[in-house]
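Source file: my_file-v2.cif (mmCIF, C-alpha atoms)
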```cif
data_run
loop_
_atom_site.label_atom_id
_atom_site.label_comp_id
_atom_site.auth_asym_id
_atom_site.auth_seq_id
_atom_site.Cartn_x
_atom_site.Cartn_y
_atom_site.Cartn_z
CA MET A 1 -22.76 -13.86 -6.96
CA ILE A 2 -19.31 -13.50 -8.49
CA HIS A 3 -17.18 -10.36 -8.62
CA VAL A 4 -14.90 -9.74 -11.60
CA GLY A 5 -11.59 -8.14 -10.66
CA GLU A 6 -11.73 -9.42 -7.09
CA TYR A 7 -10.97 -12.53 -5.10
CA ASN A 8 -13.84 -15.02 -4.94
CA THR A 9 -14.21 -18.23 -2.96
CA LEU A 10 -15.78 -20.84 -5.28
CA ARG A 11 -16.47 -24.55 -4.98
CA VAL A 12 -14.85 -26.98 -7.42
CA LYS A 13 -17.65 -28.35 -9.62
CA LYS A 14 -15.72 -30.89 -11.66
CA GLU A 15 -12.24 -31.86 -12.81
CA LEU A 16 -11.16 -31.95 -16.47
CA GLY A 17 -7.88 -32.77 -18.16
CA PHE A 18 -7.07 -29.09 -18.66
CA GLY A 19 -8.15 -27.79 -15.25
CA LEU A 20 -10.99 -27.44 -12.80
CA ILE A 21 -14.47 -26.04 -13.38
CA LEU A 22 -15.56 -23.79 -10.55
CA ASP A 23 -19.22 -23.35 -9.67
CA ASP A 24 -20.54 -19.85 -10.44
CA GLY A 25 -24.19 -20.86 -10.50
CA LYS A 26 -24.13 -21.07 -14.29
CA GLU A 27 -21.92 -22.95 -16.77
CA GLY A 28 -18.88 -22.71 -14.52
CA ILE A 29 -15.53 -20.90 -14.66
CA LEU A 30 -12.28 -22.55 -15.72
CA LEU A 31 -9.26 -22.63 -13.43
CA PRO A 32 -6.47 -23.71 -15.82
CA LYS A 33 -4.42 -26.71 -14.79
CA ARG A 34 -1.23 -24.70 -14.31
CA PHE A 35 -2.92 -22.73 -11.50
CA VAL A 36 -4.65 -25.64 -9.74
CA PRO A 37 -3.36 -26.13 -6.16
CA ARG A 38 -1.92 -29.57 -5.49
CA GLY A 39 -4.54 -31.97 -4.22
CA ALA A 40 -7.55 -29.82 -5.14
CA ARG A 41 -10.60 -31.88 -6.11
CA PRO A 42 -14.38 -31.57 -6.64
CA GLY A 43 -16.15 -30.26 -3.55
CA ASP A 44 -13.20 -28.19 -2.34
CA GLU A 45 -13.51 -24.43 -1.98
CA LEU A 46 -10.76 -22.33 -3.58
CA THR A 47 -10.03 -18.63 -3.37
CA VAL A 48 -9.33 -17.34 -6.89
CA PHE A 49 -9.06 -14.06 -8.77
CA LEU A 50 -11.50 -13.59 -11.67
CA TYR A 51 -10.76 -11.70 -14.90
CA HIS A 52 -11.16 -12.07 -18.69
CA ASP A 53 -8.49 -13.86 -20.69
CA GLY A 54 -7.18 -12.96 -24.16
CA GLU A 55 -10.23 -14.56 -25.77
CA ASP A 56 -12.60 -12.53 -23.58
CA ARG A 57 -13.60 -15.54 -21.47
CA LEU A 58 -14.10 -15.19 -17.75
CA ILE A 59 -11.33 -17.18 -16.15
CA ALA A 60 -9.99 -17.93 -12.67
CA THR A 61 -6.42 -17.88 -11.41
CA THR A 62 -4.60 -18.48 -8.15
CA GLN A 63 -1.99 -15.93 -9.21
CA GLN A 64 -2.10 -12.70 -7.23
CA PRO A 65 -2.28 -9.50 -9.30
CA LYS A 66 -0.46 -6.37 -8.19
CA GLY A 67 -3.83 -4.71 -7.76
CA ILE A 68 -7.52 -5.59 -7.81
CA LEU A 69 -10.61 -3.65 -8.89
CA GLY A 70 -10.53 -0.16 -7.39
CA ASP A 71 -6.84 -0.23 -6.44
CA ILE A 72 -4.42 2.53 -7.43
CA VAL A 73 -1.05 0.95 -8.18
CA LEU A 74 2.26 1.62 -9.91
CA LEU A 75 2.60 -0.60 -13.01
CA ARG A 76 5.14 -0.87 -15.84
CA VAL A 77 4.37 -0.62 -19.55
CA VAL A 78 5.41 -3.81 -21.36
CA SER A 79 3.97 -3.15 -24.84
CA LEU A 80 2.37 -0.40 -26.91
CA THR A 81 -0.28 -0.45 -29.63
CA PRO A 82 -1.98 2.32 -31.64
CA GLN A 83 -4.95 1.92 -29.28
CA GLY A 84 -3.09 2.12 -25.99
CA ALA A 85 -0.61 0.47 -23.66
CA PHE A 86 -0.39 -2.87 -21.86
CA LEU A 87 0.92 -2.91 -18.31
CA ASP A 88 2.30 -5.81 -16.30
CA TRP A 89 0.08 -6.41 -13.29
CA GLY A 90 1.32 -9.87 -12.35
CA LEU A 91 -1.06 -12.06 -14.39
CA MET A 92 -0.70 -14.01 -17.63
CA LYS A 93 -2.69 -11.34 -19.47
CA ASP A 94 -1.44 -7.73 -19.14
CA ILE A 95 -3.91 -4.97 -18.27
CA PHE A 96 -4.82 -2.41 -20.93
CA VAL A 97 -4.77 1.40 -20.70
CA PRO A 98 -6.63 3.01 -23.63
CA LYS A 99 -5.01 6.11 -25.14
CA SER A 100 -8.02 8.11 -23.97
CA LYS A 101 -7.17 7.14 -20.39
CA GLN A 102 -3.54 8.31 -20.58
CA LEU A 103 -2.36 11.74 -19.47
CA SER A 104 0.43 12.49 -21.91
CA GLY A 105 1.22 9.23 -23.69
CA MET A 106 2.89 6.25 -22.06
CA ARG A 107 6.35 5.02 -23.01
CA LEU A 108 7.66 1.48 -23.13
CA GLY A 109 9.32 0.52 -19.85
CA GLY A 110 7.83 3.46 -17.98
CA ASP A 111 6.18 3.14 -14.57
CA TYR A 112 2.78 4.80 -14.12
CA LEU A 113 0.34 5.21 -11.28
CA VAL A 114 -3.02 3.91 -12.51
CA LYS A 115 -6.43 2.95 -11.15
CA ILE A 116 -7.94 -0.41 -12.03
CA TYR A 117 -11.56 -0.13 -13.11
CA LEU A 118 -14.28 -2.13 -14.86
CA ASP A 119 -15.11 -0.90 -18.35
CA GLU A 120 -18.89 -0.51 -18.53
CA LYS A 121 -19.07 -1.23 -22.26
CA THR A 122 -16.96 -4.39 -22.35
CA GLY A 123 -17.30 -5.62 -18.78
CA ARG A 124 -13.53 -6.15 -18.75
CA LEU A 125 -10.91 -4.82 -16.38
CA ALA A 126 -8.81 -1.92 -17.59
CA ALA A 127 -6.62 0.79 -16.11
CA THR A 128 -6.59 4.57 -16.28
CA GLU A 129 -3.91 7.13 -15.55
CA LYS A 130 -6.63 9.73 -14.96
CA ILE A 131 -7.21 9.02 -11.29
CA GLU A 132 -8.19 12.52 -10.07
CA PRO A 133 -11.93 12.02 -10.81
CA PHE A 134 -11.89 9.01 -8.47
CA LEU A 135 -10.47 10.99 -5.53
CA SER A 136 -12.56 13.17 -3.25
CA ASN A 137 -12.43 14.48 0.30
CA LYS A 138 -16.19 14.92 0.47
CA ASP A 139 -18.35 12.66 2.63
CA ILE A 140 -15.38 11.43 4.67
CA THR A 141 -16.18 8.90 7.37
CA LEU A 142 -12.60 8.66 8.63
CA GLN A 143 -11.60 9.78 12.11
CA GLU A 144 -8.29 10.68 13.75
CA LYS A 145 -6.14 7.63 14.57
CA ASP A 146 -8.01 5.44 12.05
CA GLN A 147 -5.60 3.04 10.36
CA VAL A 148 -5.54 3.41 6.58
CA ASP A 149 -3.70 2.30 3.44
CA LEU A 150 -1.50 4.97 1.85
CA THR A 151 -0.19 5.32 -1.71
CA VAL A 152 2.35 8.05 -2.44
CA TYR A 153 0.96 10.30 -5.19
CA ARG A 154 3.33 13.24 -5.65
CA ARG A 155 5.89 15.40 -3.84
CA THR A 156 5.09 18.97 -2.77
CA ASP A 157 6.86 21.78 -0.93
CA ILE A 158 5.66 20.54 2.46
CA GLY A 159 5.70 16.78 2.01
CA TYR A 160 3.94 14.18 -0.09
CA VAL A 161 0.37 14.07 -1.29
CA VAL A 162 -0.84 10.54 -0.57
CA ILE A 163 -3.93 8.62 -1.63
CA ILE A 164 -5.88 7.26 1.33
CA ASN A 165 -7.72 3.94 0.89
CA ASN A 166 -7.79 4.52 -2.89
CA ARG A 167 -10.45 7.23 -2.33
CA HIS A 168 -9.19 10.34 -0.54
CA THR A 169 -6.07 12.52 -0.52
CA GLY A 170 -3.96 13.65 2.38
CA VAL A 171 -0.53 15.02 3.20
CA LEU A 172 2.40 13.16 4.72
CA HIS A 173 4.64 15.98 5.97
CA PHE A 174 8.41 15.86 5.59
CA ASN A 175 8.93 15.80 9.36
CA GLU A 176 6.99 12.50 9.45
CA VAL A 177 9.09 10.87 6.70
CA PHE A 178 11.97 8.83 8.10
CA HIS A 179 13.15 6.99 4.98
CA GLU A 180 13.19 7.52 1.23
CA ILE A 181 9.81 7.21 -0.46
CA LYS A 182 8.64 7.81 -4.02
CA PRO A 183 5.36 7.98 -6.01
CA GLY A 184 3.71 4.58 -6.15
CA ASP A 185 5.02 3.35 -2.80
CA ARG A 186 2.30 1.77 -0.67
CA PHE A 187 2.33 1.33 3.11
CA PRO A 188 -0.01 1.42 6.12
CA GLY A 189 -0.56 4.61 8.06
CA PHE A 190 -3.07 6.43 10.22
CA ILE A 191 -5.01 9.67 10.28
CA LYS A 192 -3.22 12.32 12.34
CA ASN A 193 -5.49 15.32 11.82
CA ILE A 194 -8.63 16.27 9.87
CA VAL A 195 -9.38 19.94 9.14
CA LEU A 196 -12.95 20.55 7.98
CA PRO A 197 -13.71 22.95 5.07
CA ASP A 198 -14.84 25.85 7.32
CA ARG A 199 -11.45 25.85 9.04
CA SER A 200 -9.07 24.91 6.20
CA ALA A 201 -7.15 27.38 4.06
CA SER A 202 -8.26 25.63 0.86
CA GLY A 203 -11.94 25.54 1.76
CA GLU A 204 -11.90 21.76 1.43
CA THR A 205 -11.39 18.97 3.94
CA GLU A 206 -7.66 18.56 4.59
CA ILE A 207 -6.16 15.38 6.04
CA ASP A 208 -2.73 14.91 7.61
CA VAL A 209 -1.44 11.35 7.84
CA VAL A 210 1.46 9.51 9.41
CA ALA A 211 3.09 6.26 8.28
CA GLY A 212 2.92 3.30 10.65
CA LYS A 213 0.60 2.66 13.59
CA PRO A 214 -1.00 5.23 15.89
CA GLY A 215 0.09 6.04 19.40
CA TYR A 216 2.27 3.85 21.56
CA GLU A 217 2.38 0.96 19.06
CA LYS A 218 4.41 3.15 16.72
CA THR A 219 7.44 2.80 19.01
CA GLU A 220 7.85 -0.92 18.26
CA ASP A 221 9.92 -0.44 15.11
CA ALA A 222 11.79 2.48 16.70
CA ALA A 223 12.76 0.28 19.65
CA GLU A 224 14.23 -2.35 17.38
CA LYS A 225 16.19 0.36 15.54
CA ILE A 226 17.62 1.86 18.73
CA LEU A 227 18.71 -1.56 20.02
CA ARG A 228 20.31 -2.41 16.67
CA LEU A 229 22.22 0.88 16.61
CA LEU A 230 23.44 0.27 20.16
CA HIS A 231 24.74 -3.17 19.16
CA GLU A 232 26.46 -1.64 16.13
CA ASN A 233 28.12 1.06 18.25
CA LYS A 234 29.60 -1.07 21.04
CA GLY A 235 26.64 -0.57 23.35
CA HIS A 236 26.81 3.22 23.61
CA LEU A 237 25.12 6.13 21.80
CA PRO A 238 25.72 9.78 22.80
CA TYR A 239 22.03 10.77 22.70
CA HIS A 240 19.53 11.41 25.50
CA ASP A 241 16.49 13.51 26.47
CA LYS A 242 18.46 16.75 26.26
CA SER A 243 19.90 16.07 22.80
CA ASP A 244 18.97 18.44 19.99
CA PRO A 245 15.85 17.25 18.06
CA GLU A 246 17.63 17.71 14.72
CA ALA A 247 20.56 15.58 15.89
CA ILE A 248 18.17 12.82 16.96
CA TYR A 249 16.30 12.97 13.68
CA SER A 250 19.53 12.97 11.65
CA PHE A 251 20.92 9.87 13.40
CA PHE A 252 17.82 7.84 14.26
CA GLY A 253 15.38 9.04 11.58
CA MET A 254 12.67 9.70 14.19
CA SER A 255 11.21 12.66 16.04
CA LYS A 256 12.44 13.53 19.53
CA LYS A 257 8.98 12.69 20.87
CA THR A 258 9.18 9.16 19.44
CA PHE A 259 12.78 8.86 20.68
CA LYS A 260 11.83 9.79 24.26
CA MET A 261 8.78 7.52 24.32
CA THR A 262 10.81 4.62 22.92
CA THR A 263 13.86 5.00 25.16
CA GLY A 264 11.55 5.37 28.17
CA ARG A 265 9.94 2.04 27.38
CA LEU A 266 13.30 0.35 26.78
CA TYR A 267 14.52 1.70 30.12
CA LYS A 268 11.44 0.31 31.92
CA GLU A 269 12.05 -3.04 30.22
CA LYS A 270 15.65 -2.87 31.56
CA LYS A 271 17.12 -3.16 28.08
CA ILE A 272 18.99 0.17 28.22
CA LEU A 273 20.36 2.68 30.72
CA ILE A 274 19.94 6.43 30.24
CA THR A 275 22.97 8.34 31.52
CA ASP A 276 24.32 11.89 31.23
CA SER A 277 26.57 10.71 28.40
CA GLY A 278 23.82 8.97 26.45
CA LEU A 279 22.29 5.51 26.06
CA GLU A 280 23.92 2.33 27.36
CA LEU A 281 22.93 -1.17 26.30
CA VAL A 282 22.19 -3.55 29.18
CA ARG A 283 24.14 -6.72 28.51
CA SER A 284 22.27 -9.90 29.33
#
```

Turn this file's structure into structure tokens for me.
Amino acid sequence: MIHVGEYNTLRVKKELGFGLILDDGKEGILLPKRFVPRGARPGDELTVFLYHDGEDRLIATTQQPKGILGDIVLLRVVSLTPQGAFLDWGLMKDIFVPKSKQLSGMRLGGDYLVKIYLDEKTGRLAATEKIEPFLSNKDITLQEKDQVDLTVYRRTDIGYVVIINNRHTGVLHFNEVFHEIKPGDRFPGFIKNIVLPDRSASGETEIDVVAGKPGYEKTEDAAEKILRLLHENKGHLPYHDKSDPEAIYSFFGMSKKTFKMTTGRLYKEKKILITDSGLELVRS
């Protein structure tokens, strides 16, 4: 069973002058010579991405596209036709967005958030800018602290609407954003809070998310940042548990809660001292 638009592990059936034929249980699928890993031979198993080439033939590649079937990704328009737009998604053949799947007309060189889907009529991969119908907060199986993949969708008055696992929407609040982000950015995160429809203001399930890892693990990156800033400031920083939360956020880009948890761990590990005047780096 093969899956178009996804990675498949297939056995090499035979070798030809122009590439390898991979076993799909039928006639076989060509892996062009330019994409054949060095030393690959009949009997080996290769992980390849499957899609249709410019002549509508199913073909394999060891190139890695910027997104696979079902992904929502930010792609750039590289050419326009009367029928639609072609976007660069990292493969030899660009992916097509029909005009009927565009919101307000794409422009050459523009970056657009699109969903990769399989066209039922042609059986080929395509992309659509109309991603709202694919997003729903009904029938959610997620729980608080679950790790998820986040894609920034749009900015709002309270933070950023993000797409969760290419299926749901949530909010990443401004007080949880510690560096510049923009629509199309993708990063791991976790579920902070889920408000069910009977308790939400909107009458729908609302999800709050946070970037990074849940709980204590989240302090790992913060610890590295605090140590780096200490090294850059001659081993001393005028911040401690009694410092103003806004001052901590402004300098470190983290909440006071994360700051206290992180400095407490660094103190226990004897990497810093916490004094009335601030943090001191322990010199080894």

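Shortest separation to Ala60 of chain A among A:Asp24, A:Glu269, A:Asp44, A:Glu246 occurs at residue A:Asp24, atoms counted being all atoms listed in the file.
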
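Of note, atom CA of Tyr7 of chain A and atom CA of Gln102 of chain A are spaced 27.0 Å apart.
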
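Minimum atom-to-atom distances from A:Ser200, A:Pro183, A:Tyr117, A:Lys213 to Gln147 of chain A were compared using only C-alpha atoms, and the lowest value belongs to A:Lys213.
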
Residues picked by the PyMOL selection byres ((chain A and resi 22) around 12) here, as a PDB file with C-alpha atoms, in the frame of the given file?
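Now in expr-v3.pdb:
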```pdb
ATOM      1  CA  ILE A   2     -19.310 -13.500  -8.490  1.00  0.00           C
ATOM      2  CA  ASN A   8     -13.840 -15.020  -4.940  1.00  0.00           C
ATOM      3  CA  THR A   9     -14.210 -18.230  -2.960  1.00  0.00           C
ATOM      4  CA  LEU A  10     -15.780 -20.840  -5.280  1.00  0.00           C
ATOM      5  CA  ARG A  11     -16.470 -24.550  -4.980  1.00  0.00           C
ATOM      6  CA  VAL A  12     -14.850 -26.980  -7.420  1.00  0.00           C
ATOM      7  CA  LYS A  13     -17.650 -28.350  -9.620  1.00  0.00           C
ATOM      8  CA  LYS A  14     -15.720 -30.890 -11.660  1.00  0.00           C
ATOM      9  CA  GLU A  15     -12.240 -31.860 -12.810  1.00  0.00           C
ATOM     10  CA  LEU A  16     -11.160 -31.950 -16.470  1.00  0.00           C
ATOM     11  CA  GLY A  19      -8.150 -27.790 -15.250  1.00  0.00           C
ATOM     12  CA  LEU A  20     -10.990 -27.440 -12.800  1.00  0.00           C
ATOM     13  CA  ILE A  21     -14.470 -26.040 -13.380  1.00  0.00           C
ATOM     14  CA  ASP A  23     -19.220 -23.350  -9.670  1.00  0.00           C
ATOM     15  CA  ASP A  24     -20.540 -19.850 -10.440  1.00  0.00           C
ATOM     16  CA  GLY A  25     -24.190 -20.860 -10.500  1.00  0.00           C
ATOM     17  CA  LYS A  26     -24.130 -21.070 -14.290  1.00  0.00           C
ATOM     18  CA  GLU A  27     -21.920 -22.950 -16.770  1.00  0.00           C
ATOM     19  CA  GLY A  28     -18.880 -22.710 -14.520  1.00  0.00           C
ATOM     20  CA  ILE A  29     -15.530 -20.900 -14.660  1.00  0.00           C
ATOM     21  CA  LEU A  30     -12.280 -22.550 -15.720  1.00  0.00           C
ATOM     22  CA  LEU A  31      -9.260 -22.630 -13.430  1.00  0.00           C
ATOM     23  CA  PRO A  32      -6.470 -23.710 -15.820  1.00  0.00           C
ATOM     24  CA  VAL A  36      -4.650 -25.640  -9.740  1.00  0.00           C
ATOM     25  CA  ALA A  40      -7.550 -29.820  -5.140  1.00  0.00           C
ATOM     26  CA  ARG A  41     -10.600 -31.880  -6.110  1.00  0.00           C
ATOM     27  CA  PRO A  42     -14.380 -31.570  -6.640  1.00  0.00           C
ATOM     28  CA  GLY A  43     -16.150 -30.260  -3.550  1.00  0.00           C
ATOM     29  CA  ASP A  44     -13.200 -28.190  -2.340  1.00  0.00           C
ATOM     30  CA  GLU A  45     -13.510 -24.430  -1.980  1.00  0.00           C
ATOM     31  CA  LEU A  46     -10.760 -22.330  -3.580  1.00  0.00           C
ATOM     32  CA  THR A  47     -10.030 -18.630  -3.370  1.00  0.00           C
ATOM     33  CA  VAL A  48      -9.330 -17.340  -6.890  1.00  0.00           C
ATOM     34  CA  PHE A  49      -9.060 -14.060  -8.770  1.00  0.00           C
ATOM     35  CA  LEU A  50     -11.500 -13.590 -11.670  1.00  0.00           C
ATOM     36  CA  LEU A  58     -14.100 -15.190 -17.750  1.00  0.00           C
ATOM     37  CA  ILE A  59     -11.330 -17.180 -16.150  1.00  0.00           C
ATOM     38  CA  ALA A  60      -9.990 -17.930 -12.670  1.00  0.00           C
ATOM     39  CA  THR A  61      -6.420 -17.880 -11.410  1.00  0.00           C
TER      40      THR A  61
END
```

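When only C-alpha atoms are used to compute distances to Ile131 of chain A, the closest of the residues A:His236, A:Lys115, A:Arg34, A:Arg186 turns out to be A:Lys115.
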
Closest of A:Met261, A:Met254, A:Val152, A:Leu142 to Glu206 of chain A - atom-to-atom distances counting all atoms listed in the file: A:Leu142

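Checking A:Ala126, A:Ile207, A:Tyr249, A:Phe134 one by one against Val177 of chain A, counting all atoms listed in the file, you find the shortest gap at A:Tyr249.
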
Gap from atom CA of Phe187 of chain A to atom CA of Gly212 of chain A - Å, one decimal: 7.8 Å

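Note that atom CA of Lys33 of chain A and atom CA of Leu118 of chain A are 26.5 Å apart.
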
Residues within 12 Å of segment 78-85 of chain A, all atoms listed in the file, excluding chain neighbours under 3 positions, as a PyMOL selection string: chain A and resi 75+88-90+93-112+114+126-129

Can you spell out as a compact mmCIF listing (two decimals) with C-alpha atoms, in the coordinates of the input the set of residues that the PyMOL selection byres ((chain A and resi 67) around 9) selects in the structure I just provided?
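Contents of selection-v4.txt, freshly written:
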```txt
# COMPACT_ATOMS: atom_id res chain seq x y z
CA GLY A 5 -11.59 -8.14 -10.66
CA GLN A 64 -2.10 -12.70 -7.23
CA PRO A 65 -2.28 -9.50 -9.30
CA LYS A 66 -0.46 -6.37 -8.19
CA ILE A 68 -7.52 -5.59 -7.81
CA LEU A 69 -10.61 -3.65 -8.89
CA GLY A 70 -10.53 -0.16 -7.39
CA ASP A 71 -6.84 -0.23 -6.44
CA ILE A 72 -4.42 2.53 -7.43
CA VAL A 73 -1.05 0.95 -8.18
CA TRP A 89 0.08 -6.41 -13.29
CA GLY A 90 1.32 -9.87 -12.35
CA LYS A 115 -6.43 2.95 -11.15
CA ILE A 116 -7.94 -0.41 -12.03
```

7 Å contact set for Leu172 of chain A, only C-alpha atoms, chain neighbours under 3 positions out, as an MDAnalysis selection string: chainID A and resid 159:162 176 208:210

At a cut-off of 8 Å, using all atoms listed in the file, what residues contact segment 257-260 of chain A? Leave out same-chain residues fewer than 5 positions from it and give the result as a PDB file with C-alpha atoms, keeping the file's coordinate frame.
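Full text of around_8.pdb as output:
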```pdb
ATOM      1  CA  THR A 219       7.440   2.800  19.010  1.00  0.00           C
ATOM      2  CA  ALA A 222      11.790   2.480  16.700  1.00  0.00           C
ATOM      3  CA  HIS A 240      19.530  11.410  25.500  1.00  0.00           C
ATOM      4  CA  ASP A 241      16.490  13.510  26.470  1.00  0.00           C
ATOM      5  CA  ILE A 248      18.170  12.820  16.960  1.00  0.00           C
TER       6      ILE A 248
END
```
